file entry.cif (mmCIF, C-alpha atoms and all ligand atoms)
data_protein
loop_
_atom_site.label_atom_id
_atom_site.label_comp_id
_atom_site.auth_asym_id
_atom_site.auth_seq_id
_atom_site.Cartn_x
_atom_site.Cartn_y
_atom_site.Cartn_z
CA MET A 219 191.20 151.91 47.25
CA LEU A 220 188.89 150.97 44.35
CA ASN A 221 187.51 147.46 44.00
CA GLY A 222 184.80 145.77 41.98
CA SER A 223 183.38 146.11 38.50
CA VAL A 224 181.45 148.84 36.69
CA ASP A 225 179.73 149.38 33.39
CA ILE A 226 181.00 152.66 32.01
CA ALA A 227 179.02 155.55 30.45
CA PRO A 228 178.03 154.83 26.82
CA ASP A 229 180.16 156.25 24.00
CA LYS A 230 179.48 159.91 23.24
CA SER A 231 180.94 159.91 19.71
CA ILE A 232 179.00 156.80 18.64
CA THR A 233 175.76 158.06 20.22
CA HIS A 234 176.01 161.38 18.34
CA ARG A 235 176.45 159.54 15.06
CA ALA A 236 173.66 157.06 15.83
CA ILE A 237 171.22 159.95 16.46
CA MET A 238 172.34 161.80 13.33
CA PHE A 239 172.37 158.87 10.91
CA SER A 240 169.07 157.46 12.26
CA SER A 241 167.50 160.90 11.83
CA LEU A 242 168.59 160.98 8.18
CA ALA A 243 167.15 157.48 7.51
CA ARG A 244 163.44 157.17 6.74
CA GLY A 245 161.76 154.84 9.27
CA THR A 246 162.32 153.76 12.85
CA SER A 247 165.73 153.05 14.39
CA HIS A 248 166.33 151.64 17.87
CA ILE A 249 169.51 152.73 19.65
CA VAL A 250 170.24 150.62 22.73
CA ASN A 251 172.52 151.97 25.51
CA PRO A 252 172.80 155.54 24.17
CA LEU A 253 174.62 158.23 26.15
CA LEU A 254 172.11 160.80 27.33
CA GLY A 255 174.66 163.37 28.41
CA GLU A 256 174.05 167.05 27.65
CA ASP A 257 176.03 166.95 24.39
CA ASN A 258 173.97 164.10 22.95
CA ILE A 259 170.74 165.76 24.07
CA SER A 260 171.80 168.79 21.99
CA THR A 261 172.01 166.50 18.96
CA CYS A 262 168.56 165.01 19.68
CA GLN A 263 167.03 168.48 20.08
CA ALA A 264 168.43 169.63 16.74
CA PHE A 265 166.67 166.83 14.86
CA GLU A 266 163.49 167.17 16.93
CA ALA A 267 163.43 170.83 15.83
CA MET A 268 163.57 169.58 12.23
CA GLY A 269 160.67 167.17 12.58
CA VAL A 270 162.22 163.89 13.79
CA GLU A 271 160.37 162.07 16.57
CA ILE A 272 162.78 160.85 19.28
CA THR A 273 161.48 158.85 22.23
CA ARG A 274 163.81 158.49 25.21
CA GLU A 275 163.27 155.27 27.11
CA GLU A 276 165.38 153.76 29.88
CA ARG A 277 168.63 152.78 28.09
CA LYS A 278 167.06 153.16 24.62
CA LEU A 279 166.30 155.81 21.99
CA ILE A 280 163.58 155.21 19.42
CA ILE A 281 164.13 157.48 16.44
CA ASN A 282 161.31 157.82 13.95
CA SER A 283 162.30 159.96 10.97
CA PRO A 284 160.50 161.04 7.79
CA GLY A 285 163.94 160.78 6.08
CA PHE A 286 166.35 163.56 5.17
CA GLU A 287 164.30 164.74 2.15
CA GLN A 288 161.40 165.57 4.49
CA LEU A 289 163.31 167.33 7.27
CA GLN A 290 161.91 170.79 8.00
CA GLU A 291 163.67 174.06 8.56
CA ALA A 292 164.01 174.64 12.34
CA SER A 293 161.80 177.56 13.38
CA ASP A 294 164.40 178.90 15.83
CA VAL A 295 168.15 179.04 16.38
CA LEU A 296 169.72 175.61 16.98
CA ASP A 297 171.69 175.74 20.24
CA PHE A 298 174.37 173.04 20.40
CA GLY A 299 175.35 173.88 24.00
CA ASN A 300 178.90 172.70 24.74
CA SER A 301 179.17 170.15 21.92
CA GLY A 302 181.87 170.53 19.28
CA THR A 303 180.95 167.20 17.69
CA THR A 304 177.31 168.21 17.26
CA THR A 305 178.35 171.54 15.75
CA ARG A 306 180.89 170.34 13.22
CA LEU A 307 178.99 167.25 12.07
CA MET A 308 175.73 169.21 11.85
CA LEU A 309 177.47 171.93 9.81
CA GLY A 310 178.21 169.14 7.32
CA ILE A 311 174.67 167.74 7.35
CA LEU A 312 172.94 171.15 7.24
CA SER A 313 175.17 172.16 4.32
CA GLY A 314 173.77 169.25 2.34
CA LEU A 315 170.08 169.94 3.01
CA PRO A 316 168.05 172.62 1.18
CA LEU A 317 167.28 174.44 4.44
CA PHE A 318 168.26 177.64 6.22
CA SER A 319 169.66 177.16 9.72
CA ILE A 320 171.23 179.36 12.38
CA ILE A 321 173.41 177.67 14.96
CA THR A 322 175.05 178.75 18.18
CA GLY A 323 176.40 177.31 21.42
CA ASP A 324 177.54 178.13 24.94
CA ARG A 325 180.39 180.53 25.73
CA TYR A 326 182.98 177.72 25.38
CA LEU A 327 181.70 176.49 22.02
CA ARG A 328 181.50 180.05 20.68
CA GLN A 329 185.30 180.29 21.08
CA ARG A 330 186.10 177.08 19.19
CA PRO A 331 187.45 177.19 15.59
CA MET A 332 184.87 176.46 12.90
CA LEU A 333 186.69 177.60 9.75
CA ARG A 334 188.29 174.15 9.50
CA VAL A 335 184.86 172.84 8.43
CA ILE A 336 183.27 176.03 7.08
CA GLU A 337 186.01 176.61 4.47
CA PRO A 338 185.76 173.15 2.81
CA LEU A 339 181.95 173.19 3.07
CA ARG A 340 181.92 176.55 1.27
CA ARG A 341 184.13 175.01 -1.40
CA MET A 342 181.46 172.33 -1.84
CA GLY A 343 178.92 175.10 -2.47
CA ALA A 344 177.34 175.68 0.95
CA ARG A 345 176.53 179.29 1.80
CA ILE A 346 177.76 179.74 5.35
CA ASP A 347 178.39 182.94 7.22
CA ALA A 348 179.73 183.10 10.74
CA ARG A 349 181.06 185.51 13.33
CA SER A 350 184.62 186.79 13.20
CA GLY A 351 185.13 186.37 9.45
CA GLY A 352 183.59 182.90 9.34
CA LYS A 353 185.68 181.51 12.18
CA LEU A 354 183.30 181.39 15.16
CA LEU A 355 179.69 180.64 16.08
CA PRO A 356 176.97 181.84 15.69
CA ALA A 357 176.78 180.69 12.06
CA ALA A 358 174.06 180.80 9.42
CA VAL A 359 173.89 177.99 6.85
CA ARG A 360 171.96 177.85 3.60
CA GLY A 361 172.50 174.34 2.32
CA GLY A 362 171.88 172.32 -0.80
CA ALA A 363 173.29 171.94 -4.35
CA LEU A 364 176.73 170.73 -3.26
CA ASN A 365 179.54 169.33 -5.36
CA GLY A 366 181.96 166.71 -4.09
CA ILE A 367 185.51 167.82 -3.26
CA ASP A 368 188.87 166.27 -2.54
CA HIS A 369 189.83 167.72 0.86
CA ARG A 370 193.25 167.43 2.44
CA SER A 371 192.75 168.28 6.09
CA GLN A 372 195.59 170.00 7.95
CA VAL A 373 194.37 168.54 11.27
CA ALA A 374 193.81 164.91 12.30
CA SER A 375 190.21 165.55 13.30
CA ALA A 376 187.32 163.12 13.13
CA GLN A 377 184.94 166.06 13.35
CA VAL A 378 186.41 167.68 10.21
CA LYS A 379 186.55 164.34 8.36
CA SER A 380 182.97 163.46 9.33
CA ALA A 381 181.55 166.91 8.50
CA ILE A 382 182.91 166.79 4.95
CA LEU A 383 181.93 163.16 4.37
CA LEU A 384 178.39 163.77 5.66
CA ALA A 385 178.01 166.77 3.33
CA GLY A 386 179.37 164.49 0.61
CA LEU A 387 176.39 162.14 1.02
CA PHE A 388 174.22 164.94 -0.44
CA ALA A 389 176.71 166.26 -3.03
CA ASN A 390 177.18 165.52 -6.72
CA GLY A 391 179.93 163.01 -7.38
CA THR A 392 182.64 161.79 -5.03
CA THR A 393 183.85 163.45 -1.83
CA THR A 394 187.23 162.44 -0.45
CA VAL A 395 188.98 163.44 2.76
CA GLN A 396 192.64 162.84 3.51
CA GLU A 397 193.92 163.38 7.04
CA PRO A 398 197.51 163.79 8.26
CA GLU A 399 197.08 161.03 10.90
CA LEU A 400 194.20 158.61 11.30
CA SER A 401 191.54 159.99 13.65
CA ARG A 402 188.65 158.02 15.20
CA ASP A 403 186.78 156.17 12.45
CA HIS A 404 183.26 155.73 13.87
CA THR A 405 181.65 157.56 10.93
CA GLU A 406 183.33 155.24 8.43
CA ARG A 407 182.40 152.12 10.44
CA MET A 408 178.80 153.17 11.10
CA LEU A 409 177.67 154.54 7.72
CA PRO A 410 177.81 151.07 6.06
CA PHE A 411 175.45 149.85 8.83
CA TYR A 412 172.96 152.39 7.47
CA GLY A 413 173.49 151.08 3.92
CA VAL A 414 175.99 153.72 2.78
CA LYS A 415 179.09 152.64 0.89
CA VAL A 416 182.35 154.07 2.25
CA GLN A 417 185.71 153.56 0.55
CA ARG A 418 188.79 153.66 2.74
CA GLU A 419 192.48 153.30 2.21
CA ASP A 420 195.02 154.27 4.84
CA ARG A 421 194.25 157.95 5.65
CA TRP A 422 191.87 158.43 2.68
CA THR A 423 188.11 158.10 2.92
CA SER A 424 185.53 158.60 0.10
CA VAL A 425 181.76 158.59 -0.22
CA GLN A 426 179.46 159.02 -3.22
CA GLY A 427 176.64 161.56 -3.36
CA GLY A 428 173.01 160.49 -3.63
CA ALA A 429 173.21 158.01 -0.76
CA GLN A 430 170.07 156.67 0.90
CA LEU A 431 170.21 155.63 4.56
CA HIS A 432 168.00 152.91 6.01
CA PRO A 433 167.01 152.62 9.69
CA VAL A 434 168.94 150.30 12.02
CA ASP A 435 168.85 148.61 15.41
CA MET A 436 172.16 149.10 17.13
CA THR A 437 173.88 148.97 20.53
CA VAL A 438 176.36 151.59 21.74
CA PRO A 439 179.44 150.33 23.65
CA GLY A 440 180.93 152.03 26.72
CA ASP A 441 183.12 155.09 26.16
CA ILE A 442 186.87 154.53 26.51
CA SER A 443 187.22 158.28 27.11
CA SER A 444 185.03 157.89 30.23
CA ALA A 445 186.76 154.62 31.19
CA ALA A 446 190.07 156.54 31.11
CA PHE A 447 189.30 158.21 34.46
CA PHE A 448 188.70 154.81 36.09
CA LEU A 449 191.81 153.29 34.50
CA VAL A 450 193.98 156.09 35.86
CA ALA A 451 192.16 156.06 39.22
CA ALA A 452 192.88 152.35 39.71
CA CYS A 453 196.53 152.72 38.62
CA VAL A 454 197.31 155.48 41.14
CA THR A 455 195.24 154.33 44.15
CA PRO A 456 197.05 151.69 46.28
CA GLY A 457 195.21 148.38 46.73
CA SER A 458 192.90 148.89 43.73
CA ALA A 459 191.69 146.09 41.42
CA VAL A 460 188.89 147.07 39.07
CA THR A 461 187.11 145.62 36.02
CA ILE A 462 185.52 148.10 33.64
CA CYS A 463 182.96 146.25 31.57
CA ASN A 464 181.78 146.76 28.00
CA VAL A 465 184.36 149.34 26.86
CA GLY A 466 184.71 150.25 23.16
CA VAL A 467 188.29 149.42 22.14
CA ASN A 468 188.32 150.69 18.56
CA PRO A 469 192.05 150.89 17.66
CA THR A 470 191.67 154.58 16.71
CA ARG A 471 190.77 155.25 20.38
CA THR A 472 193.02 152.90 22.40
CA GLY A 473 196.08 155.16 22.79
CA ILE A 474 195.27 155.39 26.52
CA ILE A 475 195.63 151.60 26.92
CA ASP A 476 198.91 151.49 25.00
CA VAL A 477 200.37 154.41 26.95
CA LEU A 478 199.29 153.17 30.39
CA GLN A 479 200.79 149.74 29.58
CA GLN A 480 203.98 151.46 28.41
CA MET A 481 204.05 153.28 31.79
CA GLY A 482 203.92 149.89 33.53
CA ALA A 483 200.20 149.66 34.32
CA LYS A 484 198.87 146.18 35.11
CA LEU A 485 196.06 146.27 32.61
CA GLU A 486 194.47 143.40 30.63
CA LEU A 487 191.72 143.22 28.02
CA ARG A 488 189.27 140.33 28.58
CA ASN A 489 186.25 138.98 26.74
CA GLN A 490 187.06 140.76 23.46
CA ARG A 491 184.14 140.81 21.04
CA THR A 492 182.61 142.92 18.23
CA VAL A 493 179.32 144.77 18.75
CA CYS A 494 177.74 146.51 15.73
CA GLY A 495 181.11 146.76 13.96
CA GLU A 496 182.98 148.16 16.99
CA PRO A 497 185.51 146.12 19.03
CA VAL A 498 184.47 145.87 22.71
CA ALA A 499 186.23 144.39 25.79
CA ASP A 500 186.23 144.31 29.57
CA ILE A 501 189.35 145.92 31.02
CA GLU A 502 190.98 144.68 34.23
CA VAL A 503 193.32 147.12 35.90
CA CYS A 504 195.22 147.15 39.22
CA HIS A 505 197.25 149.63 41.23
CA SER A 506 200.65 149.81 39.50
CA SER A 507 204.09 151.40 39.83
CA LEU A 508 204.18 153.80 36.89
CA SER A 509 207.18 155.19 35.03
CA ALA A 510 207.40 158.28 32.81
CA VAL A 511 206.34 158.26 29.16
CA ASP A 512 206.64 160.49 26.06
CA ILE A 513 203.50 160.92 23.95
CA TYR A 514 203.65 162.47 20.48
CA GLY A 515 202.89 162.04 16.76
CA SER A 516 200.24 159.60 15.56
CA THR A 517 199.46 158.52 19.14
CA ILE A 518 197.95 161.94 19.91
CA PRO A 519 194.67 161.58 17.94
CA ARG A 520 194.25 158.10 19.50
CA LEU A 521 194.05 159.61 23.02
CA ILE A 522 193.36 163.31 22.49
CA ASP A 523 190.51 163.47 25.05
CA GLU A 524 192.38 161.31 27.58
CA ILE A 525 195.42 163.59 27.98
CA PRO A 526 194.03 165.47 31.04
CA ALA A 527 193.47 162.09 32.79
CA LEU A 528 196.92 160.88 31.70
CA ALA A 529 198.43 164.01 33.26
CA VAL A 530 197.19 162.68 36.63
CA ALA A 531 199.00 159.36 36.02
CA MET A 532 202.13 161.29 34.99
CA ALA A 533 202.09 163.21 38.29
CA PHE A 534 202.55 159.86 40.12
CA ALA A 535 204.98 158.24 37.65
CA GLU A 536 208.72 157.93 38.28
CA GLY A 537 210.53 160.50 36.09
CA LYS A 538 209.63 163.25 33.63
CA SER A 539 206.79 162.60 31.14
CA THR A 540 206.13 164.71 28.05
CA VAL A 541 203.25 165.41 25.66
CA LYS A 542 204.18 166.97 22.27
CA ASP A 543 202.22 167.54 19.02
CA GLY A 544 199.12 168.23 21.11
CA SER A 545 198.24 171.77 19.98
CA GLU A 546 194.65 170.58 19.33
CA LEU A 547 194.31 170.51 23.13
CA ARG A 548 194.35 174.31 23.02
CA VAL A 549 191.01 174.43 21.12
CA LYS A 550 188.85 172.00 23.08
CA GLU A 551 186.10 173.02 25.56
CA THR A 552 188.94 174.90 27.29
CA ASP A 553 192.63 175.27 26.49
CA ARG A 554 193.35 171.86 28.04
CA ILE A 555 197.10 172.46 28.23
CA ALA A 556 196.53 175.60 30.33
CA THR A 557 193.70 174.19 32.48
CA THR A 558 195.48 170.87 33.16
CA LEU A 559 198.61 172.71 34.24
CA ALA A 560 196.68 175.25 36.36
CA ASN A 561 195.34 172.39 38.50
CA LEU A 562 198.78 170.75 38.75
CA LYS A 563 200.21 174.10 39.85
CA ALA A 564 197.62 174.30 42.67
CA LEU A 565 198.94 170.90 43.86
CA GLY A 566 202.62 171.92 43.71
CA VAL A 567 203.46 169.55 40.83
CA GLU A 568 206.55 170.53 38.81
CA TYR A 569 205.83 171.06 35.10
CA SER A 570 206.86 172.93 31.93
CA GLU A 571 204.43 174.27 29.35
CA TYR A 572 205.04 174.06 25.59
CA GLU A 573 202.96 175.53 22.79
CA ASP A 574 201.91 171.99 21.78
CA GLY A 575 202.07 170.15 25.10
CA PHE A 576 203.81 169.93 28.46
CA ALA A 577 206.29 168.05 30.65
CA ILE A 578 205.38 166.77 34.12
CA THR A 579 207.89 165.66 36.75
CA GLY A 580 206.27 162.72 38.51
CA ASP A 581 206.71 161.41 42.05
CA PRO A 582 205.32 158.01 43.11
CA GLU A 583 205.57 159.14 46.78
CA ARG A 584 203.84 162.47 46.11
CA LYS A 585 201.97 163.99 49.08
CA LEU A 586 199.09 166.17 47.91
CA PRO A 587 198.40 169.38 49.86
CA ALA A 588 195.39 169.15 52.18
CA GLY A 589 192.52 171.50 51.32
CA ALA A 590 193.79 172.45 47.84
CA VAL A 591 191.07 173.91 45.62
CA LEU A 592 191.03 172.79 41.97
CA ASP A 593 188.67 173.88 39.19
CA SER A 594 186.92 172.21 36.26
CA TYR A 595 187.16 175.55 34.43
CA GLY A 596 183.77 174.56 32.97
CA ASP A 597 185.34 171.61 31.09
CA HIS A 598 184.01 168.12 31.91
CA ARG A 599 187.29 166.30 31.25
CA ILE A 600 189.30 168.76 33.36
CA GLY A 601 186.77 168.42 36.21
CA MET A 602 186.84 164.60 36.18
CA SER A 603 190.65 164.54 36.01
CA ALA A 604 190.93 166.93 38.97
CA TRP A 605 188.43 164.81 40.94
CA LEU A 606 190.84 161.83 40.77
CA PHE A 607 193.26 163.61 43.13
CA ARG A 608 190.57 163.35 45.83
CA LEU A 609 191.11 159.59 45.89
CA LEU A 610 194.52 160.25 47.46
CA GLN A 611 193.69 163.45 49.35
CA PRO A 612 189.95 163.64 50.14
CA THR A 613 190.22 167.20 51.49
CA ILE A 614 190.88 168.50 47.95
CA GLU A 615 187.91 170.38 46.49
CA VAL A 616 186.99 170.71 42.83
CA GLU A 617 184.81 173.63 41.83
CA GLY A 618 182.32 173.51 38.96
CA MET A 619 181.75 169.75 38.78
CA GLU A 620 178.25 170.19 37.28
CA CYS A 621 179.85 170.23 33.81
CA VAL A 622 180.55 166.45 33.99
CA ALA A 623 176.92 166.02 32.82
CA VAL A 624 178.21 166.87 29.31
CA SER A 625 179.73 163.40 28.87
CA PHE A 626 179.36 161.42 32.10
CA PRO A 627 176.27 162.05 34.25
CA GLY A 628 176.77 160.26 37.59
CA PHE A 629 180.57 160.13 37.35
CA GLN A 630 181.25 160.80 41.05
CA GLN A 631 178.66 158.24 42.22
CA LYS A 632 180.10 155.57 39.94
CA LEU A 633 183.60 156.19 41.24
CA GLN A 634 182.32 156.13 44.82
CA SER A 635 180.59 152.78 44.24
CA LEU A 636 184.05 151.28 43.68
CA GLN A 637 185.45 153.00 46.78
CA SER A 638 182.80 151.39 48.96
CA ASN A 639 183.53 148.10 47.19
CA GLY A 640 180.03 148.02 45.68
CA ALA A 641 179.35 146.63 42.21
CA LEU A 642 177.25 149.15 40.35
CA SER A 643 176.35 149.01 36.72
O1 LIG B 1 184.35 163.00 16.20
C1 LIG B 1 184.20 162.92 17.44
O2 LIG B 1 183.24 162.33 17.96
C2 LIG B 1 185.22 163.57 18.29
C3 LIG B 1 186.43 163.94 17.77
C4 LIG B 1 187.52 164.57 18.54
O3 LIG B 1 187.57 165.94 18.19
P1 LIG B 1 188.39 166.47 16.89
O4 LIG B 1 187.78 165.93 15.68
O5 LIG B 1 188.26 167.97 16.96
O6 LIG B 1 189.80 166.00 17.10
C5 LIG B 1 187.29 164.47 20.04
O7 LIG B 1 188.15 165.36 20.72
C6 LIG B 1 185.85 164.74 20.42
O8 LIG B 1 185.68 164.57 21.80
C7 LIG B 1 184.92 163.78 19.73
C1 LIG B 2 186.39 167.61 22.94
C2 LIG B 2 185.30 166.95 23.36
O1 LIG B 2 184.05 167.01 22.78
P1 LIG B 2 183.45 168.00 21.69
O2 LIG B 2 184.55 168.38 20.73
O3 LIG B 2 182.36 167.23 21.04
O4 LIG B 2 182.92 169.19 22.43
C3 LIG B 2 185.39 166.01 24.50
O5 LIG B 2 184.39 165.34 24.77
O6 LIG B 2 186.43 165.92 25.17
#

call {"tool": "encode", "arguments": {"input": "entry.cif", "output": "structure tokens", "more": "lines below"}}
Ligand SMILES: O=C(O)C1=C[C@@H](OP(=O)(O)O)[C@@H](O)[C@H](O)C1
Ligand SMILES: C=C(OP(=O)(O)O)C(=O)O
result
Amino acid sequence: MLNGSVDIAPDKSITHRAIMFSSLARGTSHIVNPLLGEDNISTCQAFEAMGVEITREERKLIINSPGFEQLQEASDVLDFGNSGTTTRLMLGILSGLPLFSIITGDRYLRQRPMLRVIEPLRRMGARIDARSGGKLLPAAVRGGALNGIDHRSQVASAQVKSAILLAGLFANGTTTVQEPELSRDHTERMLPFYGVKVQREDRWTSVQGGAQLHPVDMTVPGDISSAAFFLVAACVTPGSAVTICNVGVNPTRTGIIDVLQQMGAKLELRNQRTVCGEPVADIEVCHSSLSAVDIYGSTIPRLIDEIPALAVAMAFAEGKSTVKDGSELRVKETDRIATTLANLKALGVEYSEYEDGFAITGDPERKLPAGAVLDSYGDHRIGMSAWLFRLLQPTIEVEGMECVAVSFPGFQQKLQSLQSNGALS
């Protein structure tokens, strides 16, 4: 059983943006409670290679930048490791700067689709070439002299939206992005903190070129995508009662809360407040009898990264749960439909696979096979989801857990602190 309270890992999406925007602003920014997972370190290293001074202190980043006009061309290839957010947002930024850059990533990132940002950035005037007809990393970018565009994105993707808007800060005129469903809106919330005007209406967002950013002092909230593993863990482990403190509850990210409540989870938000423009709360959650749920449509972008963890909850819910409209899961660090189902198969869970999702037949009395071997498949969210089964069957092994350092260094220790009824923050 899990008992006690924890502070959760800081938000990866917000930390990326804080590093990027602070590096574009001339002067010194202080970022309190940043995530220093591998993905965010890739973002730091990119700007360090371009002449930004970044000091890492305990729970703080001090970013001292000469401003975007003074950034230098990196003298070597920029390696963004496993990070899709770094890659797509940096493609936008590098397109706007009069520099030549070559970017690459690890074997997972080099399989992820980049044309969704490269095509509109080319339309703005960026000269970008990339492997496989412009679809895959490595890519070479020669930026500068952009014109604003009106882009209608086919995917509800905050990375696409942010890449185009960030390029738009350096373009002539207005840049507008329309998305089919609202995706996470951290870029739109944070840019005004840096002095940049952002116009928003429904699923439309616009910025004007020629923006200047000024440095900020800001605090990053906890990551609801990391909290998701603890929410599901408490729901499925008998006797659990847990408080997860300081979690970002931006409404574009809270699909996991809505869906768990719909499944019957005993889950309450306490101490709701706003920190640096982002809603934050403590979340209390207890072991709960769960029932099946159907997830589709505009809910998907609000919980896209939490679907592997939700699949664990579905395996213990009464009835058949479904996920539809989730084809974006196929192009994450791994094909998360395939990797989620491969681990469920190893546990004898009944499921069906669809092109854009899956169905899982749950069983609240489920007995997990002793000694089953699961795999992260090199994907942090798949590894952490698989690890949750060990709470109910400790003989289960999960291979390749080192990848959790991408978004949640110390994940297993934090979970264990609740198992031994410790309070760790
Ligand atoms: O903008 C961001 O910080 C992110 C956007 C989402 O990706 P997409 O934009 O590809 O949906 C999400 O899956 C990723 O973990 C972080
Ligand atoms: C998809 C993710 O991140 P990214 O796209 O930045 O690699 C994630 O963290 O689940």

call {"tool": "residues_near_ligand", "arguments": {"input": "entry.cif", "ligand": "ligand LIG 2 (chain B)", "cutoff": "6 Å", "atoms": "all atoms listed in the file", "output": "ChimeraX atom specification"}}
result
/A:300-303,523,550-551

call {"tool": "atom_distance", "arguments": {"input": "entry.cif", "atom1": "CA of Gly391 (chain A)", "atom2": "CA of Val434 (chain A)"}}
result
25.7 Å

call {"tool": "closest_residue", "arguments": {"input": "entry.cif", "among": "A:Leu253, A:Leu327, A:Ile237, A:Leu296", "to": "Phe626 (chain A)", "atoms": "only C-alpha atoms"}}
result
A:Leu253

call {"tool": "residues_around", "arguments": {"input": "entry.cif", "residues": "Pro433 (chain A)", "least_positions_apart": "2", "cutoff": "7 Å", "atoms": "all atoms listed in the file", "output": "JSON, numbers by chain"}}
result
{"A": [240, 243, 244, 245, 246, 247, 412, 431]}

call {"tool": "write_last_selection", "arguments": {"input": "entry.cif", "atoms": "C-alpha atoms", "output": "PDB file, in the coordinates of the input"}}
result
ATOM      1  CA  SER A 240     169.070 157.460  12.260  1.00  0.00           C
ATOM      2  CA  ALA A 243     167.150 157.480   7.510  1.00  0.00           C
ATOM      3  CA  ARG A 244     163.440 157.170   6.740  1.00  0.00           C
ATOM      4  CA  GLY A 245     161.760 154.840   9.270  1.00  0.00           C
ATOM      5  CA  THR A 246     162.320 153.760  12.850  1.00  0.00           C
ATOM      6  CA  SER A 247     165.730 153.050  14.390  1.00  0.00           C
ATOM      7  CA  TYR A 412     172.960 152.390   7.470  1.00  0.00           C
ATOM      8  CA  LEU A 431     170.210 155.630   4.560  1.00  0.00           C
TER       9      LEU A 431
END

call {"tool": "residues_near_ligand", "arguments": {"input": "entry.cif", "ligand": "ligand LIG 1 (chain B)", "cutoff": "6 Å", "atoms": "all atoms listed in the file", "output": "ChimeraX atom specification"}}
result
/A:231,303,375-378,522-523

call {"tool": "write_last_selection", "arguments": {"input": "entry.cif", "atoms": "C-alpha atoms", "output": "mmCIF file, keeping the file's coordinate frame"}}
result
data_model
loop_
_atom_site.group_PDB
_atom_site.id
_atom_site.type_symbol
_atom_site.label_atom_id
_atom_site.label_comp_id
_atom_site.auth_asym_id
_atom_site.auth_seq_id
_atom_site.Cartn_x
_atom_site.Cartn_y
_atom_site.Cartn_z
ATOM 1 C CA SER A 231 180.940 159.910 19.710
ATOM 2 C CA THR A 303 180.950 167.200 17.690
ATOM 3 C CA SER A 375 190.210 165.550 13.300
ATOM 4 C CA ALA A 376 187.320 163.120 13.130
ATOM 5 C CA GLN A 377 184.940 166.060 13.350
ATOM 6 C CA VAL A 378 186.410 167.680 10.210
ATOM 7 C CA ILE A 522 193.360 163.310 22.490
ATOM 8 C CA ASP A 523 190.510 163.470 25.050
#

call {"tool": "residues_around", "arguments": {"input": "entry.cif", "residues": "Thr394 (chain A)", "least_positions_apart": "6", "cutoff": "12 Å", "atoms": "only C-alpha atoms", "output": "ChimeraX atom specification"}}
result
/A:338,342,365-371,378-387,416-419,421-427

call {"tool": "write_last_selection", "arguments": {"input": "entry.cif", "atoms": "C-alpha atoms", "output": "PDB file, keeping the file's coordinate frame"}}
result
ATOM      1  CA  PRO A 338     185.760 173.150   2.810  1.00  0.00           C
ATOM      2  CA  MET A 342     181.460 172.330  -1.840  1.00  0.00           C
ATOM      3  CA  ASN A 365     179.540 169.330  -5.360  1.00  0.00           C
ATOM      4  CA  GLY A 366     181.960 166.710  -4.090  1.00  0.00           C
ATOM      5  CA  ILE A 367     185.510 167.820  -3.260  1.00  0.00           C
ATOM      6  CA  ASP A 368     188.870 166.270  -2.540  1.00  0.00           C
ATOM      7  CA  HIS A 369     189.830 167.720   0.860  1.00  0.00           C
ATOM      8  CA  ARG A 370     193.250 167.430   2.440  1.00  0.00           C
ATOM      9  CA  SER A 371     192.750 168.280   6.090  1.00  0.00           C
ATOM     10  CA  VAL A 378     186.410 167.680  10.210  1.00  0.00           C
ATOM     11  CA  LYS A 379     186.550 164.340   8.360  1.00  0.00           C
ATOM     12  CA  SER A 380     182.970 163.460   9.330  1.00  0.00           C
ATOM     13  CA  ALA A 381     181.550 166.910   8.500  1.00  0.00           C
ATOM     14  CA  ILE A 382     182.910 166.790   4.950  1.00  0.00           C
ATOM     15  CA  LEU A 383     181.930 163.160   4.370  1.00  0.00           C
ATOM     16  CA  LEU A 384     178.390 163.770   5.660  1.00  0.00           C
ATOM     17  CA  ALA A 385     178.010 166.770   3.330  1.00  0.00           C
ATOM     18  CA  GLY A 386     179.370 164.490   0.610  1.00  0.00           C
ATOM     19  CA  LEU A 387     176.390 162.140   1.020  1.00  0.00           C
ATOM     20  CA  VAL A 416     182.350 154.070   2.250  1.00  0.00           C
ATOM     21  CA  GLN A 417     185.710 153.560   0.550  1.00  0.00           C
ATOM     22  CA  ARG A 418     188.790 153.660   2.740  1.00  0.00           C
ATOM     23  CA  GLU A 419     192.480 153.300   2.210  1.00  0.00           C
ATOM     24  CA  ARG A 421     194.250 157.950   5.650  1.00  0.00           C
ATOM     25  CA  TRP A 422     191.870 158.430   2.680  1.00  0.00           C
ATOM     26  CA  THR A 423     188.110 158.100   2.920  1.00  0.00           C
ATOM     27  CA  SER A 424     185.530 158.600   0.100  1.00  0.00           C
ATOM     28  CA  VAL A 425     181.760 158.590  -0.220  1.00  0.00           C
ATOM     29  CA  GLN A 426     179.460 159.020  -3.220  1.00  0.00           C
ATOM     30  CA  GLY A 427     176.640 161.560  -3.360  1.00  0.00           C
TER      31      GLY A 427
END

call {"tool": "atom_distance", "arguments": {"input": "entry.cif", "atom1": "CA of Pro398 (chain A)", "atom2": "CA of Ile336 (chain A)"}}
result
18.8 Å
